[in-house]
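Undergrad: Sharing a structure with you now.
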Amino acid sequence: MNHGLIAAMTEAGETAESLAAQTGVDPKTAQRWVSRGRIPRPVARSRVAAILGKDVRDLWPDVLKRREPSWFRQWVDVEREALGLRWFELAWVPGLLQTEAYARATLEMESLTSEEVDAFASARIERQSILHRSRPPLLVAVMDETVLRRPASAKDDGTLMRVQCEHILACAELPCVRVHVVPLGTPMHPGLGGPFIMAELPDGTRAAHIDAQVRAQIIEDREEVATLEGRWSRIVGEALPRAQSLNLIREAAASWT
């Protein structure tokens with residue numbers, strides 16, 4: 001029995017049947033989550049946690065122990081504490097906005113075992129639960145338009161990218177999410193130097209994450225963070241306003257059909 005899940009359901013006034021209806025699964029499947037301790041798929045886990053107002057790790061603590069890569073764990077801890085996140089991506093959809101299929105596609109091109117792909121993709125999806133907390137961080141995501149135009153896989157007939165674009169639009173409806181796009185015709189700008197994330201923490205400090213080819217780096221030096229903040233301001237200045245960005249994403253989604 002999953003006693004943590006049962007307690008959370010009781011507190012929220014939910015049943016296996018009501019969770020099934022809200023997550024789009026068969027009621028028998030939802031009942032197995034409770035009575036037999038079955039673990040839902042990552043997307044369903046995040047939805048259940050959001051419905052119950054809990055963190056995924058509160059409901060399934062044993063299975064979800066540190067499945068992200070070891071080199072990334074420190075940043076995941078920062079991410080969970082953050083009051084705000086500013087994220088620029090040049091080549092990928094930001095991880096907090098990825099579908100499971102897109103996440104797997106980004107991992108399958110690496111030299112990873114199928115078990116590692118499963119674990120890392122699940123961990124990436126689980127991170128998205130922070131956007132559904134009662135007090136989520138404010139996420140401002142800026143991405144280059146090439147992110148929306150590049151196929152995620154040679155095997156994709158367009159469905160994967162269409163669903164991914166639609167997922168970004170759905171995420172953008174959350175009160176805590178703002179999405180902007182730097183259009184293709186934009187001349188050279190500071191974002192071409194590479195992606196980065198900046199986090200604002202409860203104690204007023206800021207930290208940044210830079211991902212390179214061979215390793216990631218967390219930056220806490222004030223001067224270096226300030227440099228990234230300056231670059232962020234210039235990148236945002238090149239991005240389309242929110243409404244125009246969402247229209248561009250809708251157009252990109254339609255182009256993949």
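Going through the structure tokens in order, the chains are called A, B, and so on, while each chain numbers its residues from 1 and the ligands are numbered from 1 in the order shown.
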Sorted by chain and rising residue number, which residues of stretch 74-114 of chain A lie within 7 Å of stretch 156-165 of chain A, and what are their closest atom pairs and distances in Å to one decimal, counting only C-alpha atoms, as a tab-separated table?
TA:
```
residue	atom	partner	partner_atom	distance
A:Gln98	CA	A:Gln164	CA	6.7
A:Thr99	CA	A:Gln164	CA	6.0
A:Ala101	CA	A:Leu160	CA	6.9
A:Tyr102	CA	A:Leu160	CA	6.9
```
Undergrad: Keeping only N, CA, C and O atoms, write those residues as a PDB file, in the first residue's frame.
TA:
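Full text of again-v7.pdb as output:
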```
ATOM      1  N   GLN A  98       9.752  20.121 -21.544  1.00  0.00           N
ATOM      2  CA  GLN A  98       9.841  19.007 -22.489  1.00  0.00           C
ATOM      3  C   GLN A  98       8.765  17.952 -22.246  1.00  0.00           C
ATOM      4  O   GLN A  98       8.363  17.702 -21.113  1.00  0.00           O
ATOM      5  N   THR A  99       8.331  17.308 -23.330  1.00  0.00           N
ATOM      6  CA  THR A  99       7.518  16.110 -23.202  1.00  0.00           C
ATOM      7  C   THR A  99       8.456  14.938 -22.931  1.00  0.00           C
ATOM      8  O   THR A  99       9.666  15.019 -23.148  1.00  0.00           O
ATOM      9  N   ALA A 101       8.598  12.180 -24.618  1.00  0.00           N
ATOM     10  CA  ALA A 101       9.135  11.704 -25.901  1.00  0.00           C
ATOM     11  C   ALA A 101      10.298  12.569 -26.365  1.00  0.00           C
ATOM     12  O   ALA A 101      11.307  12.060 -26.871  1.00  0.00           O
ATOM     13  N   TYR A 102      10.179  13.874 -26.202  1.00  0.00           N
ATOM     14  CA  TYR A 102      11.266  14.777 -26.593  1.00  0.00           C
ATOM     15  C   TYR A 102      12.483  14.559 -25.698  1.00  0.00           C
ATOM     16  O   TYR A 102      13.622  14.510 -26.180  1.00  0.00           O
TER      17      TYR A 102
END
```
Undergrad: With only C-alpha atoms as the counted atoms, please give the residues lying no more than 12 Å from stretch 242-250 of chain A, apart from itself and same-chain residues fewer than 6 positions off, as a VMD selection string.
TA: chain A and resid 93 140 to 149 161 to 173 177 to 184 236 256 to 257
Undergrad: Export, as a CSV table (one decimal), in the first residue's frame, the selected residues with C-alpha atoms.
TA:
```
chain,number,residue,atom,x,y,z
A,93,VAL,CA,13.4,23.0,-25.5
A,140,VAL,CA,10.8,32.8,-17.8
A,141,ALA,CA,12.0,30.7,-20.7
A,142,VAL,CA,13.5,32.2,-23.8
A,143,MET,CA,14.4,29.9,-26.7
A,144,ASP,CA,15.8,30.4,-30.2
A,145,GLU,CA,13.3,29.7,-33.0
A,146,THR,CA,15.6,27.0,-34.3
A,147,VAL,CA,14.5,24.9,-31.3
A,148,LEU,CA,11.0,24.8,-32.7
A,149,ARG,CA,12.1,24.0,-36.3
A,161,MET,CA,7.7,18.0,-32.6
A,162,ARG,CA,4.0,19.0,-33.1
A,163,VAL,CA,3.1,17.5,-29.7
A,164,GLN,CA,6.2,19.2,-28.1
A,165,CYS,CA,5.2,22.6,-29.5
A,166,GLU,CA,1.6,22.1,-28.2
A,167,HIS,CA,3.0,21.1,-24.8
A,168,ILE,CA,5.0,24.4,-24.6
A,169,LEU,CA,1.8,26.3,-25.4
A,170,ALA,CA,0.0,24.3,-22.6
A,171,CYS,CA,2.8,25.1,-20.1
A,172,ALA,CA,2.6,28.8,-21.1
A,173,GLU,CA,-1.0,28.8,-19.8
A,177,VAL,CA,5.4,30.3,-16.8
A,178,ARG,CA,6.3,32.9,-19.4
A,179,VAL,CA,7.7,31.8,-22.8
A,180,HIS,CA,9.5,34.0,-25.4
A,181,VAL,CA,11.1,33.2,-28.7
A,182,VAL,CA,14.1,34.9,-30.4
A,183,PRO,CA,13.0,34.8,-34.2
A,184,LEU,CA,15.3,33.3,-36.9
A,236,VAL,CA,15.2,39.2,-23.9
A,256,TRP,CA,4.8,19.8,-38.2
A,257,THR,CA,1.5,18.3,-39.3
```
Undergrad: Within stretch 18-122 of chain A, find each residue whose DSSP state, derived from the backbone, is strand (DSSP E), and express the selection as a ChimeraX atom specification.
TA: /A:84-89
Undergrad: I need the residue nearest A:Lys54 from this list: A:Met1, A:Ala12, A:Ala152, A:Arg124. Use only C-alpha atoms for the distance.
TA: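 Using only C-alpha atoms, A:Lys54 sits closest to A:Ala12.
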Undergrad: Which is closest to A:Asp77 among A:Leu228, A:Ile218, A:Val117, A:Ala154, if we use only C-alpha atoms?
TA: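 Of all the options, A:Ile218 lies closest to A:Asp77.
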Undergrad: Skipping near chain neighbours, those fewer than 6 positions away, what residues fall within 9 Å of stretch 200-202 of chain A using only C-alpha atoms, listed as a PyMOL selection string?
TA: chain A and resi 78-79+81-86+208
Undergrad: Can you write just those residues out, N, CA and C atoms, as a PDB file, in the first residue's frame?
TA:
```pdb
ATOM      1  N   VAL A  78      19.129  23.206  -6.348  1.00  0.00           N
ATOM      2  CA  VAL A  78      18.949  24.655  -6.473  1.00  0.00           C
ATOM      3  C   VAL A  78      17.596  24.955  -7.102  1.00  0.00           C
ATOM      4  N   GLU A  79      17.269  24.215  -8.144  1.00  0.00           N
ATOM      5  CA  GLU A  79      16.027  24.409  -8.894  1.00  0.00           C
ATOM      6  C   GLU A  79      14.798  24.255  -7.992  1.00  0.00           C
ATOM      7  N   GLU A  81      14.584  24.838  -4.827  1.00  0.00           N
ATOM      8  CA  GLU A  81      14.487  25.912  -3.842  1.00  0.00           C
ATOM      9  C   GLU A  81      14.153  27.258  -4.477  1.00  0.00           C
ATOM     10  N   ALA A  82      14.365  27.395  -5.766  1.00  0.00           N
ATOM     11  CA  ALA A  82      14.306  28.693  -6.427  1.00  0.00           C
ATOM     12  C   ALA A  82      12.924  29.338  -6.357  1.00  0.00           C
ATOM     13  N   LEU A  83      12.939  30.649  -6.212  1.00  0.00           N
ATOM     14  CA  LEU A  83      11.713  31.435  -6.316  1.00  0.00           C
ATOM     15  C   LEU A  83      11.455  31.840  -7.754  1.00  0.00           C
ATOM     16  N   GLY A  84      12.531  31.922  -8.522  1.00  0.00           N
ATOM     17  CA  GLY A  84      12.416  32.296  -9.923  1.00  0.00           C
ATOM     18  C   GLY A  84      13.519  31.665 -10.742  1.00  0.00           C
ATOM     19  N   LEU A  85      13.198  31.344 -11.994  1.00  0.00           N
ATOM     20  CA  LEU A  85      14.166  30.753 -12.916  1.00  0.00           C
ATOM     21  C   LEU A  85      14.093  31.499 -14.241  1.00  0.00           C
ATOM     22  N   ARG A  86      15.260  31.905 -14.731  1.00  0.00           N
ATOM     23  CA  ARG A  86      15.358  32.516 -16.056  1.00  0.00           C
ATOM     24  C   ARG A  86      16.225  31.602 -16.911  1.00  0.00           C
ATOM     25  N   ALA A 208      23.750  30.412 -11.121  1.00  0.00           N
ATOM     26  CA  ALA A 208      23.550  30.158 -12.551  1.00  0.00           C
ATOM     27  C   ALA A 208      24.090  28.788 -12.922  1.00  0.00           C
TER      28      ALA A 208
END
```
Undergrad: Can you list, as an MDAnalysis selection string, every residue of stretch 115-229 of chain A that DSSP puts in helix (DSSP H, G or I)?
TA: chainID A and resid 115:132 146:149 159:172 190:193 222:229
Undergrad: Suppose you want the space between atom CA of A:Arg104 and atom CA of A:Ala239; what is it in Å?
TA: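 One can read the atom CA of A:Arg104 to atom CA of A:Ala239 distance as 27.8 Å.
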Undergrad: Please indicate the distance in Å from atom CA of A:Pro27 to atom CA of A:Ala7, rounded to one decimal place.
TA: 18.6 Å
Undergrad: Applying 7 Å and only C-alpha atoms, which residues near A:Ser129 remain after dropping the ones on its own chain fewer than 5 positions away? List them as an MDAnalysis selection string.
TA: chainID A and resid 46 50 55:56
Undergrad: Please produce a file of the residues just selected, as a PDB file, in the first residue's frame, where the atoms kept are N, CA, C and O atoms.
TA:
```
ATOM      1  N   SER A  46       3.486  13.327 -12.326  1.00  0.00           N
ATOM      2  CA  SER A  46       3.483  14.785 -12.168  1.00  0.00           C
ATOM      3  C   SER A  46       2.060  15.316 -12.059  1.00  0.00           C
ATOM      4  O   SER A  46       1.785  16.229 -11.263  1.00  0.00           O
ATOM      5  N   ALA A  50       0.396  17.231  -8.832  1.00  0.00           N
ATOM      6  CA  ALA A  50      -0.198  18.562  -8.976  1.00  0.00           C
ATOM      7  C   ALA A  50      -1.629  18.580  -8.442  1.00  0.00           C
ATOM      8  O   ALA A  50      -2.037  19.521  -7.753  1.00  0.00           O
ATOM      9  N   ASP A  55       4.661  17.249  -3.699  1.00  0.00           N
ATOM     10  CA  ASP A  55       5.818  16.984  -4.532  1.00  0.00           C
ATOM     11  C   ASP A  55       5.822  15.503  -4.899  1.00  0.00           C
ATOM     12  O   ASP A  55       5.396  14.668  -4.100  1.00  0.00           O
ATOM     13  N   VAL A  56       6.274  15.191  -6.099  1.00  0.00           N
ATOM     14  CA  VAL A  56       6.311  13.796  -6.543  1.00  0.00           C
ATOM     15  C   VAL A  56       7.071  12.934  -5.542  1.00  0.00           C
ATOM     16  O   VAL A  56       6.668  11.804  -5.243  1.00  0.00           O
TER      17      VAL A  56
END
```
Undergrad: Rank A:Val48, A:Met9, A:Ser134, A:Val43 by their smallest atom-to-atom distance to A:Ala21, using only C-alpha atoms, and report the top residue only.
TA: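 The closest residue to A:Ala21 is A:Val48.
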Undergrad: Neighbouring residues of A:Asp118 were defined as those with any atom within 10 Å, considering only C-alpha atoms; residues of the same chain fewer than 6 positions away were excluded. Please report them as JSON, numbers by chain.
TA: {"A": [67, 100, 103, 104, 107, 108, 112]}
Undergrad: Out of A:Gly237, A:Glu224, A:Ala91, A:Thr113, which residue has the shortest atom-to-atom distance to A:Gly194 when counting only C-alpha atoms?
TA: A:Ala91
Undergrad: Which residue gives the smallest distance to A:Ser153 among A:Ala212, A:Leu131, A:Met109, A:Ala20, with only C-alpha atoms counted?
TA: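 Looking at the shortest contact to A:Ser153, the residue is A:Met109.
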Undergrad: Excluding same-chain residues fewer than 5 positions from A:Pro40, what lies within 10 Å of it counting only C-alpha atoms, as a count of residues only?
TA: 10
Undergrad: To one decimal place in Å, what is the distance between atom CA of A:Asp221 and atom CA of A:Arg234?
TA: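 Value for the atom CA of A:Asp221-atom CA of A:Arg234 distance: 20.4 Å.
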